[in-house]
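Shown here: model-v7.pdb, PDB, C-alpha atoms and all ligand atoms.
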```pdb
MODEL        1
ATOM      1  CA  MET A   1     103.952 151.548 124.511  1.00  0.00           C
ATOM      2  CA  SER A   2     100.338 151.598 123.422  1.00  0.00           C
ATOM      3  CA  ILE A   3      98.584 148.518 122.077  1.00  0.00           C
ATOM      4  CA  GLN A   4      98.828 149.944 118.571  1.00  0.00           C
ATOM      5  CA  GLU A   5     102.543 150.655 118.884  1.00  0.00           C
ATOM      6  CA  SER A   6     103.266 147.200 120.286  1.00  0.00           C
ATOM      7  CA  ILE A   7     101.405 145.521 117.464  1.00  0.00           C
ATOM      8  CA  SER A   8     103.121 147.478 114.738  1.00  0.00           C
ATOM      9  CA  SER A   9     106.572 146.909 116.190  1.00  0.00           C
ATOM     10  CA  ILE A  10     105.952 143.142 116.404  1.00  0.00           C
ATOM     11  CA  VAL A  11     104.414 142.958 112.938  1.00  0.00           C
ATOM     12  CA  LYS A  12     107.421 144.796 111.542  1.00  0.00           C
ATOM     13  CA  GLU A  13     109.688 142.014 112.786  1.00  0.00           C
ATOM     14  CA  LEU A  14     107.541 139.099 111.645  1.00  0.00           C
ATOM     15  CA  PRO A  15     108.538 137.535 108.345  1.00  0.00           C
ATOM     16  CA  SER A  16     105.724 137.500 105.814  1.00  0.00           C
ATOM     17  CA  GLY A  17     103.686 134.348 106.157  1.00  0.00           C
ATOM     18  CA  VAL A  18     103.871 134.314 109.942  1.00  0.00           C
ATOM     19  CA  LYS A  19     100.552 135.071 111.562  1.00  0.00           C
ATOM     20  CA  LEU A  20     100.268 137.101 114.743  1.00  0.00           C
ATOM     21  CA  VAL A  21      97.505 135.930 117.054  1.00  0.00           C
ATOM     22  CA  ALA A  22      96.910 138.620 119.666  1.00  0.00           C
ATOM     23  CA  VAL A  23      96.092 136.855 122.920  1.00  0.00           C
ATOM     24  CA  SER A  24      93.444 139.045 124.504  1.00  0.00           C
ATOM     25  CA  LYS A  25      92.506 136.784 127.421  1.00  0.00           C
ATOM     26  CA  PHE A  26      91.700 138.658 130.648  1.00  0.00           C
ATOM     27  CA  HIS A  27      91.665 141.967 128.749  1.00  0.00           C
ATOM     28  CA  PRO A  28      88.472 143.913 128.070  1.00  0.00           C
ATOM     29  CA  LEU A  29      86.709 144.454 124.755  1.00  0.00           C
ATOM     30  CA  GLU A  30      88.213 147.947 124.585  1.00  0.00           C
ATOM     31  CA  ALA A  31      91.673 146.417 124.305  1.00  0.00           C
ATOM     32  CA  ILE A  32      90.513 144.303 121.361  1.00  0.00           C
ATOM     33  CA  GLU A  33      88.967 147.399 119.792  1.00  0.00           C
ATOM     34  CA  GLU A  34      92.308 149.156 120.036  1.00  0.00           C
ATOM     35  CA  ALA A  35      94.080 146.253 118.398  1.00  0.00           C
ATOM     36  CA  LEU A  36      91.447 146.114 115.647  1.00  0.00           C
ATOM     37  CA  ALA A  37      92.074 149.778 114.982  1.00  0.00           C
ATOM     38  CA  ALA A  38      95.747 148.911 114.501  1.00  0.00           C
ATOM     39  CA  GLY A  39      94.783 146.426 111.790  1.00  0.00           C
ATOM     40  CA  GLN A  40      95.111 143.308 113.938  1.00  0.00           C
ATOM     41  CA  TYR A  41      92.422 140.759 113.030  1.00  0.00           C
ATOM     42  CA  ALA A  42      93.387 137.432 114.658  1.00  0.00           C
ATOM     43  CA  PHE A  43      92.742 137.018 118.374  1.00  0.00           C
ATOM     44  CA  GLY A  44      93.219 134.184 120.844  1.00  0.00           C
ATOM     45  CA  GLU A  45      91.351 133.360 124.032  1.00  0.00           C
ATOM     46  CA  ASN A  46      91.763 130.486 126.454  1.00  0.00           C
ATOM     47  CA  ARG A  47      88.580 130.368 128.546  1.00  0.00           C
ATOM     48  CA  PRO A  48      85.356 129.168 126.907  1.00  0.00           C
ATOM     49  CA  GLN A  49      82.989 131.581 128.630  1.00  0.00           C
ATOM     50  CA  GLU A  50      85.130 134.635 127.976  1.00  0.00           C
ATOM     51  CA  PHE A  51      85.748 133.473 124.419  1.00  0.00           C
ATOM     52  CA  GLU A  52      82.015 133.119 123.711  1.00  0.00           C
ATOM     53  CA  LYS A  53      81.175 136.473 125.272  1.00  0.00           C
ATOM     54  CA  LYS A  54      83.790 138.336 123.260  1.00  0.00           C
ATOM     55  CA  ALA A  55      83.055 136.503 120.020  1.00  0.00           C
ATOM     56  CA  MET A  56      79.356 137.307 120.346  1.00  0.00           C
ATOM     57  CA  ALA A  57      79.971 140.933 121.249  1.00  0.00           C
ATOM     58  CA  LEU A  58      82.283 141.411 118.269  1.00  0.00           C
ATOM     59  CA  GLN A  59      80.335 139.442 115.688  1.00  0.00           C
ATOM     60  CA  GLY A  60      80.534 140.876 112.199  1.00  0.00           C
ATOM     61  CA  ARG A  61      83.848 142.644 112.813  1.00  0.00           C
ATOM     62  CA  GLY A  62      85.858 140.285 110.651  1.00  0.00           C
ATOM     63  CA  ILE A  63      87.802 138.789 113.535  1.00  0.00           C
ATOM     64  CA  GLU A  64      89.539 135.454 113.130  1.00  0.00           C
ATOM     65  CA  TRP A  65      89.162 133.667 116.464  1.00  0.00           C
ATOM     66  CA  HIS A  66      91.644 131.185 117.849  1.00  0.00           C
ATOM     67  CA  PHE A  67      90.903 129.071 120.891  1.00  0.00           C
ATOM     68  CA  ILE A  68      94.133 128.319 122.732  1.00  0.00           C
ATOM     69  CA  GLY A  69      93.097 126.950 126.126  1.00  0.00           C
ATOM     70  CA  HIS A  70      92.153 123.667 127.690  1.00  0.00           C
ATOM     71  CA  LEU A  71      88.720 122.716 126.402  1.00  0.00           C
ATOM     72  CA  GLN A  72      86.341 120.435 128.239  1.00  0.00           C
ATOM     73  CA  THR A  73      83.914 118.482 126.109  1.00  0.00           C
ATOM     74  CA  ASN A  74      80.881 119.949 127.894  1.00  0.00           C
ATOM     75  CA  LYS A  75      81.948 123.432 126.748  1.00  0.00           C
ATOM     76  CA  LEU A  76      82.239 122.765 123.027  1.00  0.00           C
ATOM     77  CA  LYS A  77      79.111 124.710 122.212  1.00  0.00           C
ATOM     78  CA  MET A  78      80.617 127.855 123.688  1.00  0.00           C
ATOM     79  CA  VAL A  79      83.666 127.616 121.478  1.00  0.00           C
ATOM     80  CA  LEU A  80      83.143 125.698 118.257  1.00  0.00           C
ATOM     81  CA  PRO A  81      80.461 127.911 116.684  1.00  0.00           C
ATOM     82  CA  TYR A  82      82.903 130.856 116.733  1.00  0.00           C
ATOM     83  CA  ALA A  83      86.399 129.382 116.563  1.00  0.00           C
ATOM     84  CA  ASP A  84      88.225 129.584 113.251  1.00  0.00           C
ATOM     85  CA  LEU A  85      90.989 127.421 114.682  1.00  0.00           C
ATOM     86  CA  VAL A  86      91.082 125.353 117.870  1.00  0.00           C
ATOM     87  CA  GLN A  87      94.801 125.312 118.590  1.00  0.00           C
ATOM     88  CA  SER A  88      94.744 123.343 121.803  1.00  0.00           C
ATOM     89  CA  VAL A  89      93.409 119.859 121.085  1.00  0.00           C
ATOM     90  CA  ASP A  90      95.189 117.831 123.727  1.00  0.00           C
ATOM     91  CA  SER A  91      93.316 114.532 124.093  1.00  0.00           C
ATOM     92  CA  LEU A  92      91.681 111.864 121.989  1.00  0.00           C
ATOM     93  CA  HIS A  93      88.535 112.281 124.038  1.00  0.00           C
ATOM     94  CA  LEU A  94      88.345 115.940 123.023  1.00  0.00           C
ATOM     95  CA  LEU A  95      89.126 115.158 119.396  1.00  0.00           C
ATOM     96  CA  ASP A  96      86.329 112.567 119.257  1.00  0.00           C
ATOM     97  CA  ALA A  97      83.908 115.044 120.811  1.00  0.00           C
ATOM     98  CA  ILE A  98      84.882 117.768 118.334  1.00  0.00           C
ATOM     99  CA  ASN A  99      84.384 115.358 115.442  1.00  0.00           C
ATOM    100  CA  ASP A 100      80.944 114.391 116.796  1.00  0.00           C
ATOM    101  CA  TRP A 101      79.999 118.056 117.214  1.00  0.00           C
ATOM    102  CA  GLY A 102      81.092 118.719 113.631  1.00  0.00           C
ATOM    103  CA  LYS A 103      78.991 115.814 112.395  1.00  0.00           C
ATOM    104  CA  ARG A 104      75.903 117.014 114.269  1.00  0.00           C
ATOM    105  CA  ASN A 105      76.341 120.599 113.110  1.00  0.00           C
ATOM    106  CA  GLY A 106      77.445 119.996 109.555  1.00  0.00           C
ATOM    107  CA  ARG A 107      80.825 121.583 110.133  1.00  0.00           C
ATOM    108  CA  CYS A 108      84.430 120.687 109.597  1.00  0.00           C
ATOM    109  CA  VAL A 109      86.413 122.007 112.569  1.00  0.00           C
ATOM    110  CA  SER A 110      89.977 123.210 111.990  1.00  0.00           C
ATOM    111  CA  VAL A 111      92.347 122.125 114.746  1.00  0.00           C
ATOM    112  CA  LEU A 112      95.974 122.021 115.766  1.00  0.00           C
ATOM    113  CA  LEU A 113      97.199 119.102 117.830  1.00  0.00           C
ATOM    114  CA  GLU A 114      99.021 120.263 120.933  1.00  0.00           C
ATOM    115  CA  LEU A 115     102.336 118.537 121.411  1.00  0.00           C
ATOM    116  CA  HIS A 116     103.585 118.065 124.943  1.00  0.00           C
ATOM    117  CA  VAL A 117     107.094 119.444 124.823  1.00  0.00           C
ATOM    118  CA  ALA A 118     107.772 121.404 127.973  1.00  0.00           C
ATOM    119  CA  THR A 119     109.283 119.533 130.851  1.00  0.00           C
ATOM    120  CA  GLU A 120     106.866 120.851 133.466  1.00  0.00           C
ATOM    121  CA  GLU A 121     104.403 118.202 134.540  1.00  0.00           C
ATOM    122  CA  SER A 122     101.475 120.577 134.300  1.00  0.00           C
ATOM    123  CA  LYS A 123     101.751 121.191 130.588  1.00  0.00           C
ATOM    124  CA  GLN A 124      99.065 119.615 128.472  1.00  0.00           C
ATOM    125  CA  GLY A 125      99.350 117.935 125.165  1.00  0.00           C
ATOM    126  CA  PHE A 126      99.904 114.710 123.305  1.00  0.00           C
ATOM    127  CA  TYR A 127     103.079 112.704 123.093  1.00  0.00           C
ATOM    128  CA  GLU A 128     104.561 112.192 119.641  1.00  0.00           C
ATOM    129  CA  GLU A 129     103.350 108.607 119.330  1.00  0.00           C
ATOM    130  CA  GLU A 130      99.774 109.615 120.163  1.00  0.00           C
ATOM    131  CA  ILE A 131      99.815 112.231 117.418  1.00  0.00           C
ATOM    132  CA  LEU A 132     101.230 109.680 114.997  1.00  0.00           C
ATOM    133  CA  ASP A 133      98.369 107.295 115.805  1.00  0.00           C
ATOM    134  CA  ILE A 134      95.847 110.063 115.171  1.00  0.00           C
ATOM    135  CA  MET A 135      97.428 111.122 111.897  1.00  0.00           C
ATOM    136  CA  PHE A 136      97.507 107.559 110.597  1.00  0.00           C
ATOM    137  CA  ARG A 137      93.731 107.480 110.918  1.00  0.00           C
ATOM    138  CA  ALA A 138      93.067 111.151 110.270  1.00  0.00           C
ATOM    139  CA  SER A 139      90.565 110.312 107.545  1.00  0.00           C
ATOM    140  CA  SER A 140      88.313 108.655 110.128  1.00  0.00           C
ATOM    141  CA  PHE A 141      87.763 112.102 111.678  1.00  0.00           C
ATOM    142  CA  ALA A 142      85.606 113.271 108.809  1.00  0.00           C
ATOM    143  CA  ASN A 143      84.558 116.508 110.534  1.00  0.00           C
ATOM    144  CA  VAL A 144      87.997 117.608 111.657  1.00  0.00           C
ATOM    145  CA  ARG A 145      90.603 119.395 109.573  1.00  0.00           C
ATOM    146  CA  PHE A 146      94.118 118.804 110.864  1.00  0.00           C
ATOM    147  CA  CYS A 147      96.029 122.039 110.288  1.00  0.00           C
ATOM    148  CA  GLY A 148      99.252 121.420 112.190  1.00  0.00           C
ATOM    149  CA  LEU A 149     100.827 121.483 115.630  1.00  0.00           C
ATOM    150  CA  MET A 150     100.807 123.818 118.614  1.00  0.00           C
ATOM    151  CA  GLY A 151     103.353 123.802 121.398  1.00  0.00           C
ATOM    152  CA  MET A 152     104.558 125.735 124.403  1.00  0.00           C
ATOM    153  CA  ALA A 153     108.187 125.800 125.384  1.00  0.00           C
ATOM    154  CA  THR A 154     109.231 125.308 128.974  1.00  0.00           C
ATOM    155  CA  ASN A 155     108.597 128.453 130.990  1.00  0.00           C
ATOM    156  CA  THR A 156     112.213 129.310 131.800  1.00  0.00           C
ATOM    157  CA  ASP A 157     114.855 131.979 131.287  1.00  0.00           C
ATOM    158  CA  ASP A 158     117.236 129.310 130.056  1.00  0.00           C
ATOM    159  CA  GLU A 159     117.330 129.925 126.332  1.00  0.00           C
ATOM    160  CA  LEU A 160     118.937 126.574 125.592  1.00  0.00           C
ATOM    161  CA  THR A 161     115.972 124.746 127.090  1.00  0.00           C
ATOM    162  CA  VAL A 162     113.555 126.837 125.048  1.00  0.00           C
ATOM    163  CA  ARG A 163     115.564 126.150 121.912  1.00  0.00           C
ATOM    164  CA  ALA A 164     115.611 122.430 122.628  1.00  0.00           C
ATOM    165  CA  ASP A 165     111.806 122.439 123.026  1.00  0.00           C
ATOM    166  CA  PHE A 166     111.276 124.345 119.767  1.00  0.00           C
ATOM    167  CA  GLU A 167     113.804 122.162 117.975  1.00  0.00           C
ATOM    168  CA  ARG A 168     111.906 119.058 119.025  1.00  0.00           C
ATOM    169  CA  ILE A 169     108.508 120.331 117.940  1.00  0.00           C
ATOM    170  CA  ASN A 170     109.903 121.648 114.658  1.00  0.00           C
ATOM    171  CA  ALA A 171     111.545 118.300 113.907  1.00  0.00           C
ATOM    172  CA  PHE A 172     108.338 116.414 114.631  1.00  0.00           C
ATOM    173  CA  TYR A 173     106.308 118.847 112.545  1.00  0.00           C
ATOM    174  CA  ASN A 174     108.610 118.354 109.563  1.00  0.00           C
ATOM    175  CA  TYR A 175     108.572 114.597 110.062  1.00  0.00           C
ATOM    176  CA  LEU A 176     104.763 114.612 109.911  1.00  0.00           C
ATOM    177  CA  ARG A 177     104.730 116.842 106.844  1.00  0.00           C
ATOM    178  CA  ASP A 178     107.021 114.379 105.066  1.00  0.00           C
ATOM    179  CA  LEU A 179     105.069 111.358 106.243  1.00  0.00           C
ATOM    180  CA  PHE A 180     101.637 112.712 105.275  1.00  0.00           C
ATOM    181  CA  PRO A 181     102.204 114.854 102.180  1.00  0.00           C
ATOM    182  CA  GLU A 182      98.570 114.238 101.152  1.00  0.00           C
ATOM    183  CA  TYR A 183      97.318 116.427 104.006  1.00  0.00           C
ATOM    184  CA  ASP A 184      97.974 119.838 102.507  1.00  0.00           C
ATOM    185  CA  ASP A 185      96.027 121.533 105.303  1.00  0.00           C
ATOM    186  CA  PHE A 186      98.722 120.391 107.730  1.00  0.00           C
ATOM    187  CA  ARG A 187     100.986 123.427 107.474  1.00  0.00           C
ATOM    188  CA  GLU A 188     100.787 125.435 110.686  1.00  0.00           C
ATOM    189  CA  LEU A 189     103.328 125.405 113.480  1.00  0.00           C
ATOM    190  CA  SER A 190     102.066 127.537 116.355  1.00  0.00           C
ATOM    191  CA  ILE A 191     104.991 128.241 118.666  1.00  0.00           C
ATOM    192  CA  GLY A 192     106.197 131.400 120.357  1.00  0.00           C
ATOM    193  CA  MET A 193     104.717 133.670 123.024  1.00  0.00           C
ATOM    194  CA  SER A 194     105.704 137.070 124.420  1.00  0.00           C
ATOM    195  CA  GLY A 195     108.946 135.837 125.925  1.00  0.00           C
ATOM    196  CA  ASP A 196     110.179 133.573 123.159  1.00  0.00           C
ATOM    197  CA  TRP A 197     108.578 134.468 119.827  1.00  0.00           C
ATOM    198  CA  ARG A 198     111.794 135.776 118.325  1.00  0.00           C
ATOM    199  CA  ILE A 199     113.422 132.426 119.031  1.00  0.00           C
ATOM    200  CA  ALA A 200     110.364 130.588 117.655  1.00  0.00           C
ATOM    201  CA  MET A 201     110.915 132.352 114.321  1.00  0.00           C
ATOM    202  CA  GLU A 202     114.181 130.459 113.981  1.00  0.00           C
ATOM    203  CA  TYR A 203     112.322 127.161 114.368  1.00  0.00           C
ATOM    204  CA  GLY A 204     109.766 127.602 111.652  1.00  0.00           C
ATOM    205  CA  ALA A 205     106.834 129.178 113.480  1.00  0.00           C
ATOM    206  CA  THR A 206     103.937 130.016 111.166  1.00  0.00           C
ATOM    207  CA  ILE A 207     101.774 131.356 114.020  1.00  0.00           C
ATOM    208  CA  VAL A 208     102.897 133.230 117.125  1.00  0.00           C
ATOM    209  CA  ARG A 209     100.535 133.774 120.075  1.00  0.00           C
ATOM    210  CA  ILE A 210     101.370 136.990 121.859  1.00  0.00           C
ATOM    211  CA  GLY A 211      99.501 138.486 124.808  1.00  0.00           C
ATOM    212  CA  THR A 212     101.552 140.365 127.385  1.00  0.00           C
ATOM    213  CA  ALA A 213     103.861 142.043 124.883  1.00  0.00           C
ATOM    214  CA  ILE A 214     100.795 143.601 123.243  1.00  0.00           C
ATOM    215  CA  PHE A 215      98.242 144.163 125.993  1.00  0.00           C
ATOM    216  CA  GLY A 216     100.460 144.357 129.078  1.00  0.00           C
ATOM    217  CA  GLU A 217     100.306 142.212 132.186  1.00  0.00           C
ATOM    218  CA  ARG A 218      97.106 140.316 132.864  1.00  0.00           C
ATOM    219  CA  GLU A 219      95.215 140.829 136.105  1.00  0.00           C
ATOM    220  CA  TYR A 220      93.982 137.429 137.200  1.00  0.00           C
TER     221      TYR A 220
HETATM  222  C1  LIG A 301      98.310 133.117 127.481  1.00  0.00           C
HETATM  223  C2  LIG A 301      98.822 132.293 126.378  1.00  0.00           C
HETATM  224  C3  LIG A 301      99.675 132.855 125.416  1.00  0.00           C
HETATM  225  C4  LIG A 301     100.200 134.268 125.481  1.00  0.00           C
HETATM  226  O1  LIG A 301     101.121 134.392 126.516  1.00  0.00           O
HETATM  227  P1  LIG A 301     101.999 135.737 126.688  1.00  0.00           P
HETATM  228  O2  LIG A 301     103.177 135.281 127.438  1.00  0.00           O
HETATM  229  O3  LIG A 301     101.149 136.688 127.448  1.00  0.00           O
HETATM  230  O4  LIG A 301     102.335 136.223 125.336  1.00  0.00           O
HETATM  231  C5  LIG A 301     100.078 132.048 124.356  1.00  0.00           C
HETATM  232  N1  LIG A 301      99.664 130.766 124.242  1.00  0.00           N
HETATM  233  C6  LIG A 301      98.841 130.200 125.145  1.00  0.00           C
HETATM  234  C7  LIG A 301      98.436 128.790 124.949  1.00  0.00           C
HETATM  235  C8  LIG A 301      98.397 130.939 126.235  1.00  0.00           C
HETATM  236  O5  LIG A 301      97.593 130.362 127.126  1.00  0.00           O
ENDMDL
END
```
I'd like the structure from this file rewritten - as C-alpha cells, please.
Amino acid sequence: MSIQESISSIVKELPSGVKLVAVSKFHPLEAIEEALAAGQYAFGENRPQEFEKKAMALQGRGIEWHFIGHLQTNKLKMVLPYADLVQSVDSLHLLDAINDWGKRNGRCVSVLLELHVATEESKQGFYEEEILDIMFRASSFANVRFCGLMGMATNTDDELTVRADFERINAFYNYLRDLFPEYDDFRELSIGMSGDWRIAMEYGATIVRIGTAIFGEREY
C-alpha cells in the first residue's frame, strides 16, 4: 500500500474527533510530502535535531507538529519554537524548563503529560501520583497549557496486557477530568500506535500516533 492509501484507509476507520498524528521519524521529507498530498496535516517526530530540520524545511506548509520523544532540557530550542504539542513531558525537571522557556519567549507551550503505564522498565513517564501533584499546582506553570495525557502500552502481542494498560490510562484520564473540570484544555488522550490503535479507540483515544502502518518499517 502507498502512503496515501494507508492514510485514507486509517482515516476511514477513525471516529470523527480522533486525530491521526502521522509519525514520520526516520523517514525522509518526500514521505511527508506524500502524506501532505493525501490531506494529512499532523506529524510526529521523536528526535530534536530531525524534528527541527523537518519543521524548518516545511515551514509555511500548514503542518501541525507533535513532538513525541524524550526531550532533554538542553534541546528545548530545537523543539519548542515549532511544536504545536509536546506529547512526551515525562519529568518535573523538563516541565520546569519548558515553563521557563515559555516565560522567556512569551509563549504558552501546549503539553501532554506522559503516564508510565507499560511494564517494561525502559518506558518513560510519570507515575499517577506525580501527575496529580503537578495538576494540583498547574496554575503555577503559567507558560504551560496542560492538554491531557499520553501513554504507550506494553510492547507485546498479548492483547489483554495492552487492554489493561489502556484501561488504566483511560481511568486515570477520566479521574483527572472529573477532578479538574476547570481545565477545559485538558481533553486529549494520546494512546494507540500502529499495532494497537484499533484497541485504543475502545479506550477513549482522542489522538493516535501511527508510523509504521503509514510509512512502512523504519531503517535505524
Ligand atoms: C515511534 C513512535 C510511535 C509510532 O510507532 P509505530 O509503531 O511505528 O506506529 C508512536 N508513539 C511514539 C511515542 C513513538 O516513539
Taking only C-alpha atoms and all ligand atoms into account, report as a short mmCIF file (atom, residue, chain, number, x, y, z; two decimals) with C-alpha atoms, in the coordinates of the input which residues have an atom no farther than 10 Å from an atom of ligand LIG 301 (chain A).
```cif
data_model
loop_
_atom_site.label_atom_id
_atom_site.label_comp_id
_atom_site.auth_asym_id
_atom_site.auth_seq_id
_atom_site.Cartn_x
_atom_site.Cartn_y
_atom_site.Cartn_z
CA VAL A 21 97.50 135.93 117.05
CA ALA A 22 96.91 138.62 119.67
CA VAL A 23 96.09 136.85 122.92
CA SER A 24 93.44 139.04 124.50
CA LYS A 25 92.51 136.78 127.42
CA PHE A 26 91.70 138.66 130.65
CA GLY A 44 93.22 134.18 120.84
CA GLU A 45 91.35 133.36 124.03
CA ASN A 46 91.76 130.49 126.45
CA ARG A 47 88.58 130.37 128.55
CA PHE A 67 90.90 129.07 120.89
CA ILE A 68 94.13 128.32 122.73
CA GLY A 69 93.10 126.95 126.13
CA HIS A 70 92.15 123.67 127.69
CA GLN A 87 94.80 125.31 118.59
CA SER A 88 94.74 123.34 121.80
CA GLU A 114 99.02 120.26 120.93
CA GLN A 124 99.06 119.62 128.47
CA MET A 150 100.81 123.82 118.61
CA GLY A 151 103.35 123.80 121.40
CA MET A 152 104.56 125.74 124.40
CA ALA A 153 108.19 125.80 125.38
CA ASN A 155 108.60 128.45 130.99
CA SER A 190 102.07 127.54 116.36
CA ILE A 191 104.99 128.24 118.67
CA GLY A 192 106.20 131.40 120.36
CA MET A 193 104.72 133.67 123.02
CA SER A 194 105.70 137.07 124.42
CA GLY A 195 108.95 135.84 125.92
CA ASP A 196 110.18 133.57 123.16
CA TRP A 197 108.58 134.47 119.83
CA VAL A 208 102.90 133.23 117.12
CA ARG A 209 100.54 133.77 120.08
CA ILE A 210 101.37 136.99 121.86
CA GLY A 211 99.50 138.49 124.81
CA THR A 212 101.55 140.36 127.38
CA ALA A 213 103.86 142.04 124.88
CA ILE A 214 100.80 143.60 123.24
CA PHE A 215 98.24 144.16 125.99
CA GLY A 216 100.46 144.36 129.08
CA GLU A 217 100.31 142.21 132.19
CA ARG A 218 97.11 140.32 132.86
#
```
Practice task
Can you work out which one of A:Ser110, A:Ala42, A:Met78, A:Phe51 has the shortest atom-to-atom distance to A:Glu64, counting only C-alpha atoms?
Solution key: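 Selected residue with least distance to A:Glu64: A:Ala42.
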Completion exercise
What separates atom CA of A:Met135 and atom CA of A:Trp65 is a distance of 24.4 Å
Taking all listed atoms of stretch 159-166 of chain A, build the axis-aligned box, pad each of the six sides by 5 Å, then write its centre and edge lengths in Å to one decimal as AutoDock Vina command-line options.
```
--center_x 115.1 --center_y 126.2 --center_z 123.4 --size_x 17.7 --size_y 17.5 --size_z 17.3
```
Practice task
Quick one: residues within 12 Å of (79.0, 121.4, 126.0) (file frame), counting only C-alpha atoms, please, as a list in words.
Solution key: Pro48, Gln49, Leu71, Gln72, Thr73, Asn74, Lys75, Leu76, Lys77, Met78, Val79, Leu80, Pro81, Leu94, Ala97, Ile98, Asp100 and Trp101 of chain A
So which residues get picked by the PyMOL selection byres (((chain A and resi 63) around 9) and not hetatm) here, written as an mmCIF file with C-alpha atoms, in the coordinates of the input?
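Full text of expr_38.cif as output:
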```
data_model
loop_
_atom_site.group_PDB
_atom_site.id
_atom_site.type_symbol
_atom_site.label_atom_id
_atom_site.label_comp_id
_atom_site.auth_asym_id
_atom_site.auth_seq_id
_atom_site.Cartn_x
_atom_site.Cartn_y
_atom_site.Cartn_z
ATOM 1 C CA LEU A 36 91.447 146.114 115.647
ATOM 2 C CA GLN A 40 95.111 143.308 113.938
ATOM 3 C CA TYR A 41 92.422 140.759 113.030
ATOM 4 C CA ALA A 42 93.387 137.432 114.658
ATOM 5 C CA PHE A 43 92.742 137.018 118.374
ATOM 6 C CA ALA A 55 83.055 136.503 120.020
ATOM 7 C CA LEU A 58 82.283 141.411 118.269
ATOM 8 C CA GLN A 59 80.335 139.442 115.688
ATOM 9 C CA GLY A 60 80.534 140.876 112.199
ATOM 10 C CA ARG A 61 83.848 142.644 112.813
ATOM 11 C CA GLY A 62 85.858 140.285 110.651
ATOM 12 C CA GLU A 64 89.539 135.454 113.130
ATOM 13 C CA TRP A 65 89.162 133.667 116.464
#
```
Result set, the PyMOL selection byres (((chain A and resi 131) around 12) and not hetatm) on current file, as a short mmCIF file (atom, residue, chain, number, x, y, z; two decimals) with C-alpha atoms, in the coordinates of the input:
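As written to disk, out-v8.cif reads:
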```cif
data_model
loop_
_atom_site.label_atom_id
_atom_site.label_comp_id
_atom_site.auth_asym_id
_atom_site.auth_seq_id
_atom_site.Cartn_x
_atom_site.Cartn_y
_atom_site.Cartn_z
CA VAL A 89 93.41 119.86 121.08
CA ASP A 90 95.19 117.83 123.73
CA SER A 91 93.32 114.53 124.09
CA LEU A 92 91.68 111.86 121.99
CA LEU A 95 89.13 115.16 119.40
CA LEU A 112 95.97 122.02 115.77
CA LEU A 113 97.20 119.10 117.83
CA GLU A 114 99.02 120.26 120.93
CA LEU A 115 102.34 118.54 121.41
CA HIS A 116 103.58 118.06 124.94
CA GLY A 125 99.35 117.94 125.16
CA PHE A 126 99.90 114.71 123.30
CA TYR A 127 103.08 112.70 123.09
CA GLU A 128 104.56 112.19 119.64
CA GLU A 129 103.35 108.61 119.33
CA GLU A 130 99.77 109.62 120.16
CA LEU A 132 101.23 109.68 115.00
CA ASP A 133 98.37 107.30 115.80
CA ILE A 134 95.85 110.06 115.17
CA MET A 135 97.43 111.12 111.90
CA PHE A 136 97.51 107.56 110.60
CA ARG A 137 93.73 107.48 110.92
CA ALA A 138 93.07 111.15 110.27
CA PHE A 146 94.12 118.80 110.86
CA GLY A 148 99.25 121.42 112.19
CA LEU A 149 100.83 121.48 115.63
CA MET A 150 100.81 123.82 118.61
CA ILE A 169 108.51 120.33 117.94
CA PHE A 172 108.34 116.41 114.63
CA TYR A 173 106.31 118.85 112.54
CA TYR A 175 108.57 114.60 110.06
CA LEU A 176 104.76 114.61 109.91
#
```
Handout entry: Selection under test: the PyMOL selection byres (((chain A and resi 183) around 10) and not hetatm); residues as a VMD selection string
Key = chain A and resid 135 138 to 139 145 to 148 176 to 182 184 to 187
Handout entry: Residue nearest A:Asp84 - candidates A:Glu167, A:Val109, A:Asn99, A:Asn143, atoms counted: all atoms listed in the file
Key =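 Looking at the shortest contact to A:Asp84, the residue is A:Val109.
Note that atom CA of A:Leu29 and atom CA of A:Pro15 are 28.2 Å apart.
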